[in-house]
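Here's the structure, in structure tokens; my notes come after.
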Amino acid sequence: MSPRRKTTAVLTVLEQVIKTYGYSCCCAGGCGVEHPGRQCRVGGEKGPMLAAPHPLPLTEHETASAPVSELRPWCPPCWRKARKRNTELAAELRRQALDEAQLGLFDIEAAPGGGR
């Protein structure tokens, strides 16, 4: 696919999302900022918008594979903040899983031979 065709396809999806949900950010606090009335005021007709799922999934793979019906308009600042929060949350979940997996390594009583 030529770069020009690819850009046209992306714009068509964004235009469809904006036409369906309007030209305002849908983050509703998903970025970590409590917006007045639970609506971000950054999105506007003057600024660029992105189309991404709401709530934003933890992995980029889930975000990229989301169907168009799950996409909502996001302003770039809120999308970046939400992505950063998700990256930090995923790292914390991986760290906790690793910690839990390693607990059995130091359980001497459960070791073969009972620690003798």
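Naming works like this for the structure tokens: A, B, ... for the chains as they're shown, residue 1 at the start of each chain, ligands 1 onward in shown order.
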
Got a sec: who's within 12 Å of A:Ala64, counting only C-alpha atoms, leaving out chain neighbours fewer than 5 positions off, as a list in words?
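Residues near the query, excluding close chain neighbours: Ala51, Ala52, Pro53, Leu56, Pro57, Leu58, Thr59, Glu70 and Leu71 of chain A.
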
Which residues, written as a PyMOL selection string, have at least one atom at most 12 Å from stretch 72-79 of chain A, with only C-alpha atoms counted and residues fewer than 5 positions away on the same chain left out?
chain A and resi 13-35+39-57+63+66-67+84-86

Gap from atom CA of A:Glu109 to atom CA of A:Gln96 - Å, one decimal
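Calculated distance between atom CA of A:Glu109 and atom CA of A:Gln96 is 23.0 Å.
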
One number please: atom CA of A:Glu60 to atom CA of A:Thr87, in Å, one decimal.
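Computing the Euclidean distance for atom CA of A:Glu60 and atom CA of A:Thr87 yields 9.5 Å.
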
Atom pair atom CA of A:Ser69 / atom CA of A:Arg94: separation (Å):
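Separation between atom CA of A:Ser69 and atom CA of A:Arg94: 29.6 Å.
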
Using DSSP on the backbone, list every residue of stretch 63-116 of chain A that comes out as strand (DSSP E or B), and give them as a list in words.
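Answer for stretch 63-116 of chain A, restricted to strand (DSSP E or B): Leu71, Arg72, Pro73 and Trp74 of chain A.
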